[in-house]
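J.: A single structure is presented below for examination.
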2 protein chains.
Amino acid sequence: MSQKIIITIGREFGSGGREIGKKLAENMGIDFYDKELITLAAKESGMSKEVFESIDETATSSLLYSLSLGNYRGMPGTVEMPLNDKLFLFQSNVIKEAAQKGSCVIVGRCADYILRKDLNSVHLFIHAPMVHRIERISKLHNISSKEAEEMIKKVDKKRAAYYNFYSSKRWGSISNFHLCVDSSVLGVEGTAEVLQLFAEKYAQK
Amino acid sequence: MSQKIIITIGREFGSGGREIGKKLAENMGIDFYDKELITLAAKESGMSKEVFESIDETATSSLLYSLSLGNYRGMPGTVEMPLNDKLFLFQSNVIKEAAQKGSCVIVGRCADYILRKDLNSVHLFIHAPMVHRIERISKLHNISSKEAEEMIKKVDKKRAAYYNFYSSKRWGSISNFHLCVDSSVLGVEGTAEVLQLFAEKYAQK
């Protein structure tokens with residue numbers, strides 16, 4: 001590669017987006033960030049990793065936000081920021097620092113939005129038909145198809161709410177991404193290969 | 001390639017979708033259909049090519065449809081089908097026949113929907129940010145940026161209405177496609193190269 005490249009990956013739950021991102025990072029010999037972002041955000045904030053883990057990719061609910069606004073700490077007139085917003089801010093910093101450091105793959109967490117003005121960043125989205133995602137998740141977690149479907153819908157709803165809340169854009173909309181791919185067509189290896197060609201050609205420009 | 005492959009391409013106006021499709025077909029040495037579909041549909045129907053051309057990728061308006069329903073021809077109780085619907089039907093037949101014949105690239109005209117059950121078909125969508133499309137269209141037609149933007153919005157609206165009317169799906173929605181790509185990232189040649197890798201890997205499966 002002739003220059004630094006940051007690859008952000010948005011993904012539907014059960015599409016294998018994380019696995020494809022990991023494979024892509026391995027093949028290209030660059031860093032990979034997914035859950036690692038929580039550890040780094042916790043470290044930067046001095047807060048508990050476990051607390052951040054429990055609210056990862058969760059938007060602040062309006063109820064929580066109201067409670068927080070009503071919950072004065074310290075000087076009257078100051079408000080305590082909801083935990084979700086704190087995690088978002090620390091994670092944003094960590095994502096920007098990772099992008100500064102060198103070529104990498106970053107999965108989820110509005111990274112495409114956070115790095116939307118970074119000219120070395122390429123933004124990808126991985127999806128798959130529901131039937132394939134159900135099959136993958138029910139095998140992975142050893143649960144029934146019905147349970148897998150419920151889980152998928154719940155996680156995707158949470159991810160969409162998180163993205164829409166913090167980015168003021170629409171999750172999974174074509175115009176947010178440089179390339180969107182259905183992972184059920186070529187599987188993990190094949191999809192990673194196509195994404196690598198796209199990313200490397202972008203880095204050569 | 002180890003087997004027949006049909007590549008359908010949906011595209012935003014001004015994204016260079018037709019040019020990329022043509023390049024892809026040339027590189028792969030397979031047939032290419034775009035405006036050619038009108039000539040073939042006209043031939044099959046015995047109707048005028050010019051009439052079909054004037055309504056290409058245009059949905060039947062509800063007004064036209066009502067007029068048509070009220071316009072009895074032949075036996076009482078029979079109705080004359082609107083021209084747009086006739087073109088859609090003849091074009092659908094032509095698309096299915098082309099897909100039967102051999103490997104090819106088919107641009108627009110709901111081909112992804114018409115061939116949704118064809119296991120040799122891969123469905124692609126090409127888009128680009130408005131600013132790039134305006135630049136391309138204003139150069140191509142030697143018009144102002146404002147005129148180009150109006151033209152783009154008008155054609156995309158027409159294409160969306162056509163797709164939504166005949167497919168009962170939403171135009172430009174990620175889940176309709178195996179791969180969606182922003183052509184402004186790699187341009188015509190580079191995009192065609194990535195699409196070729198995707199299509200050839202699909203055909204090898």
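Labeling convention for the structure tokens: chains A, B, ... as they appear, residues from 1 per chain, ligands from 1 in order of appearance.
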Which chain A residues are at most 7 Å from chain B (counting only C-alpha atoms), as an MDAnalysis selection string?
T.: chainID A and resid 174 178:182 185:186 194 197:198 202
J.: Store the residues picked out above, limited to N, CA, C and O atoms, as a compact mmCIF listing (two decimals), in the first residue's frame.
T.:
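The resulting file, part_34.txt, is shown below:
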```
# COMPACT_ATOMS: atom_id res chain seq x y z
N ILE A 174 -27.52 3.43 2.05
CA ILE A 174 -26.47 3.28 1.02
C ILE A 174 -25.53 4.47 0.95
O ILE A 174 -24.31 4.31 0.85
N HIS A 178 -19.08 3.64 1.12
CA HIS A 178 -18.42 3.53 -0.17
C HIS A 178 -18.70 2.17 -0.81
O HIS A 178 -18.72 2.05 -2.02
N LEU A 179 -18.92 1.18 0.03
CA LEU A 179 -19.23 -0.15 -0.49
C LEU A 179 -20.06 -0.93 0.53
O LEU A 179 -19.73 -0.94 1.72
N CYS A 180 -21.15 -1.54 0.06
CA CYS A 180 -22.00 -2.39 0.91
C CYS A 180 -22.02 -3.77 0.28
O CYS A 180 -22.19 -3.88 -0.93
N VAL A 181 -21.88 -4.80 1.10
CA VAL A 181 -21.83 -6.14 0.49
C VAL A 181 -22.63 -7.16 1.30
O VAL A 181 -22.65 -7.11 2.53
N ASP A 182 -23.31 -8.04 0.57
CA ASP A 182 -24.06 -9.13 1.17
C ASP A 182 -23.08 -10.29 1.40
O ASP A 182 -22.61 -10.91 0.44
N VAL A 185 -23.10 -14.09 -0.10
CA VAL A 185 -22.75 -14.43 -1.48
C VAL A 185 -21.40 -15.14 -1.55
O VAL A 185 -21.27 -16.20 -2.15
N LEU A 186 -20.38 -14.57 -0.94
CA LEU A 186 -19.02 -15.14 -1.04
C LEU A 186 -18.48 -15.68 0.28
O LEU A 186 -17.37 -16.22 0.31
N VAL A 194 -12.56 -9.38 -1.71
CA VAL A 194 -13.11 -8.28 -2.54
C VAL A 194 -12.90 -6.95 -1.82
O VAL A 194 -12.49 -5.94 -2.43
N LEU A 197 -9.31 -5.74 -2.20
CA LEU A 197 -9.01 -5.13 -3.50
C LEU A 197 -9.53 -3.69 -3.53
O LEU A 197 -8.83 -2.77 -3.96
N PHE A 198 -10.75 -3.50 -3.03
CA PHE A 198 -11.35 -2.16 -3.01
C PHE A 198 -10.50 -1.21 -2.17
O PHE A 198 -10.16 -0.10 -2.60
N TYR A 202 -8.10 1.97 -3.35
CA TYR A 202 -8.39 3.29 -2.78
C TYR A 202 -7.10 3.91 -2.23
O TYR A 202 -6.83 5.10 -2.43
```
J.: List every residue of segment 14-203 of chain A that DSSP, applied to the backbone of this structure, assigns to alpha helix (DSSP H), and report them as an MDAnalysis selection string.
T.: chainID A and resid 17:28 36:45 49:54 62:70 83:101 111:114 130:141 145:167 183:203
J.: Skipping near chain neighbours, those fewer than 3 positions away, what residues fall within 12 Å of Val51 of chain B using only C-alpha atoms, listed as a ChimeraX atom specification?
T.: /B:38-39,41-42,45-48,54-56,83-84,86-87
J.: Using atom CA of Cys104 of chain A and atom CA of His123 of chain A as the two end points, give the distance in Å to one decimal.
T.: 12.0 Å
J.: Write down as a PyMOL selection string the residues of segment 9-200 of chain B whose backbone DSSP state falls under strand (DSSP E).
T.: chain B and resi 9-11+31-33+104-107+121-127+179-182
J.: What's the 12 Å shell around Arg109 of chain B, counting only C-alpha atoms, without same-chain residues fewer than 4 positions away, as a VMD selection string?
T.: chain B and resid 8 to 11 33 to 38 41 55 to 59 84 87 to 95 113 to 115 158 to 167 171
J.: In Å, with one decimal, what is the gap from atom CA of Ile5 of chain A to atom CA of Arg133 of chain B?
T.: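 According to the coordinates, atom CA of Ile5 of chain A and atom CA of Arg133 of chain B are separated by 25.0 Å.
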J.: Between A:Lys4, A:His132, A:Lys23, A:Lys49, which one has atoms that come closest to Ala98 of chain A, using only C-alpha atoms?
T.: A:Lys4
J.: Counting only C-alpha atoms, figure out which residue out of A:Glu135, A:Arg170, A:Glu150, A:Gly14 gets nearest to Cys110 of chain A.
T.: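 Counting only C-alpha atoms, the residue closest to Cys110 of chain A is A:Arg170.
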